[in-house]
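S.K.: My structure is in query-v6.pdb, and what it holds is PDB, C-alpha atoms, pLDDT in the B column:
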```pdb
MODEL        1
ATOM      1  CA  ASN S   1     -13.533 -40.944  -2.638  1.00 41.00           C
ATOM      2  CA  HIS S   2     -15.456 -37.765  -3.403  1.00 45.00           C
ATOM      3  CA  ALA S   3     -18.169 -37.030  -0.891  1.00 43.00           C
ATOM      4  CA  CYS S   4     -19.520 -33.803  -2.390  1.00 57.00           C
ATOM      5  CA  SER S   5     -21.721 -34.355  -5.421  1.00 47.00           C
ATOM      6  CA  SER S   6     -23.335 -31.693  -7.568  1.00 46.00           C
ATOM      7  CA  SER S   7     -26.635 -32.382  -5.803  1.00 44.00           C
ATOM      8  CA  SER S   8     -25.139 -31.780  -2.322  1.00 47.00           C
ATOM      9  CA  PRO S   9     -26.377 -28.657  -0.534  1.00 43.00           C
ATOM     10  CA  ASN S  10     -22.735 -27.585  -0.133  1.00 45.00           C
ATOM     11  CA  HIS S  11     -21.407 -28.407  -3.606  1.00 53.00           C
ATOM     12  CA  LEU S  12     -17.672 -27.759  -3.967  1.00 51.00           C
ATOM     13  CA  ASP S  13     -18.151 -25.429  -6.939  1.00 60.00           C
ATOM     14  CA  SER S  14     -19.910 -23.016  -4.564  1.00 71.00           C
ATOM     15  CA  LEU S  15     -16.502 -22.186  -3.046  1.00 77.00           C
ATOM     16  CA  LEU S  16     -15.241 -19.892  -5.775  1.00 74.00           C
ATOM     17  CA  GLU S  17     -15.997 -17.290  -8.379  1.00 79.00           C
ATOM     18  CA  PRO S  18     -13.928 -17.310 -11.594  1.00 78.00           C
ATOM     19  CA  TYR S  19     -12.734 -13.731 -11.007  1.00 82.00           C
ATOM     20  CA  HIS S  20     -11.043 -14.876  -7.761  1.00 88.00           C
ATOM     21  CA  LEU S  21      -8.687 -17.243  -9.602  1.00 87.00           C
ATOM     22  CA  LEU S  22      -5.005 -16.291  -9.324  1.00 91.00           C
ATOM     23  CA  THR S  23      -3.495 -16.474 -12.806  1.00 88.00           C
ATOM     24  CA  LYS S  24       0.068 -15.278 -12.038  1.00 89.00           C
ATOM     25  CA  PRO S  25       2.339 -17.985 -10.579  1.00 89.00           C
ATOM     26  CA  LEU S  26       3.533 -17.695  -6.975  1.00 92.00           C
ATOM     27  CA  GLU S  27       6.958 -18.714  -5.649  1.00 92.00           C
ATOM     28  CA  THR S  28       6.970 -22.327  -4.465  1.00 94.00           C
ATOM     29  CA  GLN S  29       9.112 -24.531  -2.267  1.00 92.00           C
ATOM     30  CA  LYS S  30      11.540 -26.313  -4.616  1.00 92.00           C
ATOM     31  CA  ASP S  31      11.413 -29.805  -3.063  1.00 91.00           C
ATOM     32  CA  THR S  32       7.594 -29.984  -3.140  1.00 92.00           C
ATOM     33  CA  PHE S  33       6.903 -28.418  -6.548  1.00 94.00           C
ATOM     34  CA  LEU S  34       6.302 -30.962  -9.309  1.00 94.00           C
ATOM     35  CA  ASP S  35       4.920 -28.987 -12.227  1.00 93.00           C
ATOM     36  CA  LEU S  36       2.878 -25.985 -13.301  1.00 93.00           C
ATOM     37  CA  ILE S  37       0.439 -26.719 -16.093  1.00 90.00           C
ATOM     38  CA  TYR S  38      -2.191 -24.530 -17.707  1.00 88.00           C
ATOM     39  CA  ARG S  39      -5.740 -25.422 -18.641  1.00 82.00           C
ATOM     40  CA  LYS S  40      -8.362 -23.141 -20.144  1.00 75.00           C
ATOM     41  CA  VAL S  41     -11.538 -22.468 -18.203  1.00 68.00           C
ATOM     42  CA  LEU S  42     -13.992 -20.116 -19.917  1.00 61.00           C
ATOM     43  CA  SER S  43     -11.189 -19.185 -22.359  1.00 70.00           C
ATOM     44  CA  VAL S  44      -8.894 -18.103 -19.505  1.00 75.00           C
ATOM     45  CA  SER S  45      -5.632 -19.965 -19.030  1.00 81.00           C
ATOM     46  CA  ILE S  46      -5.509 -21.115 -15.395  1.00 82.00           C
ATOM     47  CA  PRO S  47      -2.321 -22.362 -13.716  1.00 89.00           C
ATOM     48  CA  ILE S  48      -2.652 -25.705 -11.946  1.00 89.00           C
ATOM     49  CA  TYR S  49       0.073 -26.399  -9.413  1.00 93.00           C
ATOM     50  CA  ARG S  50       1.130 -30.023  -9.081  1.00 91.00           C
ATOM     51  CA  MET S  51       2.619 -30.324  -5.602  1.00 92.00           C
ATOM     52  CA  LYS S  52       3.586 -33.072  -3.193  1.00 90.00           C
ATOM     53  CA  GLN S  53       3.846 -33.218   0.559  1.00 86.00           C
ATOM     54  CA  PRO S  54       7.459 -33.348   1.729  1.00 85.00           C
ATOM     55  CA  SER S  55       8.517 -36.564   3.463  1.00 84.00           C
ATOM     56  CA  ARG S  56       9.219 -34.505   6.598  1.00 86.00           C
ATOM     57  CA  ILE S  57       5.439 -33.923   6.897  1.00 83.00           C
ATOM     58  CA  SER S  58       4.085 -37.166   5.427  1.00 81.00           C
ATOM     59  CA  GLU S  59       6.062 -40.269   4.526  1.00 85.00           C
ATOM     60  CA  ASP S  60       3.403 -40.981   1.878  1.00 84.00           C
ATOM     61  CA  GLU S  61       4.324 -37.749   0.033  1.00 82.00           C
ATOM     62  CA  PHE S  62       0.784 -37.330  -1.307  1.00 84.00           C
ATOM     63  CA  GLU S  63       0.475 -35.432  -4.587  1.00 87.00           C
ATOM     64  CA  PHE S  64      -2.097 -32.712  -5.194  1.00 89.00           C
ATOM     65  CA  ALA S  65      -3.282 -30.611  -8.132  1.00 90.00           C
ATOM     66  CA  LEU S  66      -4.287 -27.133  -6.970  1.00 92.00           C
ATOM     67  CA  VAL S  67      -5.815 -23.918  -8.231  1.00 90.00           C
ATOM     68  CA  LEU S  68      -5.224 -20.747  -6.238  1.00 93.00           C
ATOM     69  CA  VAL S  69      -7.939 -18.226  -5.448  1.00 92.00           C
ATOM     70  CA  LYS S  70      -7.749 -14.809  -3.789  1.00 95.00           C
ATOM     71  CA  ASP S  71     -10.829 -15.571  -1.744  1.00 94.00           C
ATOM     72  CA  LEU S  72     -13.802 -17.880  -1.352  1.00 91.00           C
ATOM     73  CA  THR S  73     -17.406 -16.945  -1.938  1.00 88.00           C
ATOM     74  CA  LYS S  74     -19.411 -15.795   1.091  1.00 89.00           C
ATOM     75  CA  SER S  75     -21.331 -19.082   1.092  1.00 85.00           C
ATOM     76  CA  GLY S  76     -18.043 -20.944   0.599  1.00 85.00           C
ATOM     77  CA  LYS S  77     -16.516 -19.312   3.673  1.00 88.00           C
ATOM     78  CA  ALA S  78     -19.635 -20.178   5.677  1.00 86.00           C
ATOM     79  CA  SER S  79     -19.459 -23.840   4.655  1.00 83.00           C
ATOM     80  CA  ILE S  80     -15.801 -24.567   5.458  1.00 88.00           C
ATOM     81  CA  ARG S  81     -13.990 -25.329   8.689  1.00 90.00           C
ATOM     82  CA  LYS S  82     -10.293 -24.693   9.299  1.00 93.00           C
ATOM     83  CA  LEU S  83      -8.445 -27.530  11.023  1.00 92.00           C
ATOM     84  CA  PRO S  84      -5.766 -26.649  13.570  1.00 91.00           C
ATOM     85  CA  VAL S  85      -2.204 -27.676  12.782  1.00 91.00           C
ATOM     86  CA  GLU S  86       1.087 -27.244  14.651  1.00 92.00           C
ATOM     87  CA  ARG S  87       2.599 -23.866  13.737  1.00 92.00           C
ATOM     88  CA  GLU S  88       6.036 -25.402  13.068  1.00 92.00           C
ATOM     89  CA  LYS S  89       4.534 -27.804  10.498  1.00 91.00           C
ATOM     90  CA  ALA S  90       2.394 -25.055   8.968  1.00 93.00           C
ATOM     91  CA  LEU S  91       5.476 -22.894   8.349  1.00 94.00           C
ATOM     92  CA  ASP S  92       6.876 -25.676   6.124  1.00 93.00           C
ATOM     93  CA  SER S  93       4.795 -24.369   3.245  1.00 93.00           C
ATOM     94  CA  TRP S  94       4.465 -25.039  -0.478  1.00 94.00           C
ATOM     95  CA  PHE S  95       4.284 -21.287  -0.989  1.00 95.00           C
ATOM     96  CA  ILE S  96       7.229 -19.213   0.252  1.00 94.00           C
ATOM     97  CA  GLY S  97       6.293 -16.644   2.921  1.00 95.00           C
ATOM     98  CA  TYR S  98       2.968 -18.266   3.855  1.00 96.00           C
ATOM     99  CA  TYR S  99       1.813 -20.787   6.447  1.00 96.00           C
ATOM    100  CA  TRP S 100      -1.007 -23.238   5.731  1.00 95.00           C
ATOM    101  CA  THR S 101      -4.213 -24.318   7.418  1.00 96.00           C
ATOM    102  CA  PRO S 102      -6.221 -27.285   6.056  1.00 93.00           C
ATOM    103  CA  ILE S 103      -9.821 -26.493   5.121  1.00 92.00           C
ATOM    104  CA  VAL S 104     -12.664 -28.991   5.083  1.00 89.00           C
ATOM    105  CA  MET S 105     -16.258 -28.742   3.944  1.00 84.00           C
ATOM    106  CA  ASN S 106     -19.339 -30.520   5.232  1.00 77.00           C
ATOM    107  CA  CYS S 107     -20.906 -31.929   2.098  1.00 67.00           C
ATOM    108  CA  ASN S 108     -24.185 -32.963   3.665  1.00 62.00           C
ATOM    109  CA  SER S 109     -25.705 -30.642   6.245  1.00 60.00           C
ATOM    110  CA  ASP S 110     -27.799 -33.554   7.556  1.00 59.00           C
ATOM    111  CA  ASN S 111     -24.759 -35.654   8.449  1.00 62.00           C
ATOM    112  CA  GLU S 112     -22.153 -34.122  10.797  1.00 62.00           C
ATOM    113  CA  GLU S 113     -19.590 -36.747   9.745  1.00 67.00           C
ATOM    114  CA  ASP S 114     -19.697 -36.088   5.969  1.00 72.00           C
ATOM    115  CA  TRP S 115     -16.566 -33.912   5.679  1.00 80.00           C
ATOM    116  CA  GLU S 116     -14.264 -33.538   2.712  1.00 83.00           C
ATOM    117  CA  HIS S 117     -10.760 -32.037   2.688  1.00 86.00           C
ATOM    118  CA  VAL S 118     -10.955 -29.481  -0.130  1.00 89.00           C
ATOM    119  CA  GLY S 119      -7.728 -27.512   0.238  1.00 92.00           C
ATOM    120  CA  TRP S 120      -5.752 -25.083   2.353  1.00 94.00           C
ATOM    121  CA  LYS S 121      -5.811 -21.461   3.403  1.00 96.00           C
ATOM    122  CA  PHE S 122      -2.385 -19.826   3.078  1.00 97.00           C
ATOM    123  CA  THR S 123      -1.741 -16.804   5.304  1.00 96.00           C
ATOM    124  CA  ALA S 124       1.212 -14.421   5.000  1.00 96.00           C
ATOM    125  CA  ILE S 125       3.822 -14.867   7.720  1.00 95.00           C
ATOM    126  CA  ASP S 126       4.578 -11.132   7.693  1.00 91.00           C
ATOM    127  CA  GLY S 127       3.496  -8.046   5.779  1.00 83.00           C
ATOM    128  CA  LYS S 128       6.061  -8.551   2.996  1.00 86.00           C
ATOM    129  CA  GLN S 129       3.821 -10.746   0.810  1.00 89.00           C
ATOM    130  CA  LYS S 130       1.662  -9.333  -1.977  1.00 89.00           C
ATOM    131  CA  LEU S 131      -1.417 -11.204  -0.685  1.00 94.00           C
ATOM    132  CA  SER S 132      -2.296 -11.324   3.012  1.00 96.00           C
ATOM    133  CA  TYR S 133      -3.937 -14.698   2.347  1.00 96.00           C
ATOM    134  CA  PHE S 134      -5.225 -16.946  -0.427  1.00 96.00           C
ATOM    135  CA  TYR S 135      -6.759 -20.392  -0.778  1.00 95.00           C
ATOM    136  CA  SER S 136      -5.598 -23.421  -2.717  1.00 94.00           C
ATOM    137  CA  LEU S 137      -8.339 -25.804  -3.787  1.00 90.00           C
ATOM    138  CA  MET S 138      -7.764 -29.360  -4.926  1.00 88.00           C
ATOM    139  CA  VAL S 139      -8.783 -30.012  -8.521  1.00 85.00           C
ATOM    140  CA  ASN S 140      -9.149 -32.822 -10.994  1.00 79.00           C
ATOM    141  CA  TYR S 141      -8.359 -31.914 -14.589  1.00 71.00           C
ATOM    142  CA  GLU S 142      -8.196 -33.411 -18.047  1.00 64.00           C
ATOM    143  CA  LYS S 143      -4.669 -34.490 -18.965  1.00 66.00           C
ATOM    144  CA  GLU S 144      -5.135 -33.359 -22.574  1.00 60.00           C
ATOM    145  CA  GLU S 145      -4.279 -29.706 -23.116  1.00 56.00           C
ATOM    146  CA  ASN S 146      -6.876 -29.035 -25.812  1.00 53.00           C
ATOM    147  CA  VAL S 147      -9.898 -29.897 -23.632  1.00 48.00           C
ATOM    148  CA  ASP S 148     -11.547 -26.610 -22.597  1.00 47.00           C
ATOM    149  CA  GLY S 149     -13.201 -26.195 -19.209  1.00 48.00           C
ATOM    150  CA  MET S 150     -12.448 -29.646 -17.818  1.00 49.00           C
ATOM    151  CA  VAL S 151     -11.132 -28.529 -14.420  1.00 56.00           C
ATOM    152  CA  ARG S 152     -13.260 -29.673 -11.487  1.00 56.00           C
ATOM    153  CA  ILE S 153     -12.906 -28.851  -7.822  1.00 58.00           C
ATOM    154  CA  GLY S 154     -11.939 -32.034  -6.012  1.00 61.00           C
ATOM    155  CA  GLY S 155     -11.102 -33.200  -2.532  1.00 59.00           C
ATOM    156  CA  PHE S 156     -11.322 -36.345  -0.505  1.00 54.00           C
ATOM    157  CA  LYS S 157     -13.583 -37.683   2.211  1.00 55.00           C
ATOM    158  CA  LEU S 158     -12.228 -37.466   5.739  1.00 50.00           C
ATOM    159  CA  PRO S 159     -12.779 -39.960   8.511  1.00 45.00           C
ATOM    160  CA  GLY S 160     -15.351 -38.430  10.891  1.00 44.00           C
ATOM    161  CA  TRP S 161     -12.879 -38.042  13.769  1.00 37.00           C
ATOM    162  CA  VAL S 162     -10.598 -35.711  11.774  1.00 46.00           C
ATOM    163  CA  ALA S 163     -13.087 -32.849  11.500  1.00 41.00           C
ATOM    164  CA  SER S 164     -14.629 -33.170  14.959  1.00 41.00           C
TER
ENDMDL
END
```
Go ahead and express the file in the form of structure tokens.
M.R.:
Amino acid sequence: NHACSSSSPNHLDSLLEPYHLLTKPLETQKDTFLDLIYRKVLSVSIPIYRMKQPSRISEDEFEFALVLVKDLTKSGKASIRKLPVEREKALDSWFIGYYWTPIVMNCNSDNEEDWEHVGWKFTAIDGKQKLSYFYSLMVNYEKEENVDGMVRIGGFKLPGWVAS
């Protein structure tokens, strides 16, 4: 259920600039990686990571399609909230050498309970990683390869108690 519509004051597309997209693949955890597919956005081939949660974190093993970005826009950073997570769980990461923090966005500034989980911030565990941090944002995309520009930032509505 997508809570953020294009008419929302905090529309999901406000989170990123195209030049922040990471186009070179990063090393992933083998048991959570499903596939890496490419779709063109503005004539640039963008990798979309298909990942799943490991059963050790969620028995549902939810699947996600993600794009990676070096950073969020200034307004994007102002509109998200990071949710705390146990460090031990966060170290069990899709991306080797990074720990994760869920990020949520309030899609309606008039309603404090209108939050949507939009992705994760990944932070380097030590100084050995090329990036000190990056974000992964959930996306919806066209299954057909020849459809240009049909990648949309996605997410899902959270129960109000999760973000409070």
S.K.: Using the chain letters and numbers from the file, give me the residues hit by the PyMOL selection byres ((chain S and resi 117-132) around 6), as a list of chain:residue names.
M.R.: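 Selection result, ordered by chain and number: S:Gly97, S:Tyr98, S:Tyr99, S:Trp100, S:Thr101, S:Pro102, S:Ile103, S:Val104, S:Glu116, S:Tyr133, S:Phe134, S:Tyr135, S:Ser136, S:Leu137, S:Met138, S:Gly155, S:Phe156.
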S.K.: To one decimal in Å, tell me the separation between CA of Glu17 (chain S) and CA of Val44 (chain S).
M.R.: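 Computing the Euclidean distance for CA of Glu17 (chain S) and CA of Val44 (chain S) yields 13.2 Å.
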S.K.: Could you please determine the separation between CA of Trp94 (chain S) and CA of Arg81 (chain S) in Å, to one decimal place?
M.R.: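 Taking CA of Trp94 (chain S) and CA of Arg81 (chain S), their separation equals 20.6 Å.
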S.K.: Can you tell me how far CA of Val69 (chain S) sits from CA of Tyr38 (chain S), in Å to one decimal?
M.R.: 14.9 Å
S.K.: Around all the atoms of region 124-129 of chain S listed in the file, draw an axis-aligned box and extend it by 3 Å on each of the six sides; I want its centre and edge lengths in Å to one decimal, as JSON.
M.R.:
```
{"center_x": 3.6, "center_y": -11.5, "center_z": 4.3, "size_x": 10.8, "size_y": 12.8, "size_z": 12.9}
```
S.K.: For Glu27 (chain S), which of S:Ile96, S:Ser43, S:Lys52, S:Asn140 is the closest residue, counting only C-alpha atoms?
M.R.: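 Ranking S:Ile96, S:Ser43, S:Lys52, S:Asn140 by distance to Glu27 (chain S), first place goes to S:Ile96.
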S.K.: Counting all atoms listed in the file, which of S:Leu72, S:Val67, S:Tyr141, S:Asp92 gets nearest to Thr32 (chain S)?
M.R.: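 Selected residue with least distance to Thr32 (chain S): S:Asp92.
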S.K.: Check what the PyMOL selection byres ((chain S and resi 19) around 12) selects in the file above and give those residues as a ChimeraX atom specification.
M.R.: /S:16-18,20-23,41-42,44,46,68-73
S.K.: Output the selection as an mmCIF file, in the frame of the given file - C-alpha atoms for each residue.
M.R.:
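result.cif written:
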```cif
data_model
loop_
_atom_site.group_PDB
_atom_site.id
_atom_site.type_symbol
_atom_site.label_atom_id
_atom_site.label_comp_id
_atom_site.auth_asym_id
_atom_site.auth_seq_id
_atom_site.Cartn_x
_atom_site.Cartn_y
_atom_site.Cartn_z
ATOM 1 C CA LEU S 16 -15.241 -19.892 -5.775
ATOM 2 C CA GLU S 17 -15.997 -17.290 -8.379
ATOM 3 C CA PRO S 18 -13.928 -17.310 -11.594
ATOM 4 C CA HIS S 20 -11.043 -14.876 -7.761
ATOM 5 C CA LEU S 21 -8.687 -17.243 -9.602
ATOM 6 C CA LEU S 22 -5.005 -16.291 -9.324
ATOM 7 C CA THR S 23 -3.495 -16.474 -12.806
ATOM 8 C CA VAL S 41 -11.538 -22.468 -18.203
ATOM 9 C CA LEU S 42 -13.992 -20.116 -19.917
ATOM 10 C CA VAL S 44 -8.894 -18.103 -19.505
ATOM 11 C CA ILE S 46 -5.509 -21.115 -15.395
ATOM 12 C CA LEU S 68 -5.224 -20.747 -6.238
ATOM 13 C CA VAL S 69 -7.939 -18.226 -5.448
ATOM 14 C CA LYS S 70 -7.749 -14.809 -3.789
ATOM 15 C CA ASP S 71 -10.829 -15.571 -1.744
ATOM 16 C CA LEU S 72 -13.802 -17.880 -1.352
ATOM 17 C CA THR S 73 -17.406 -16.945 -1.938
#
```
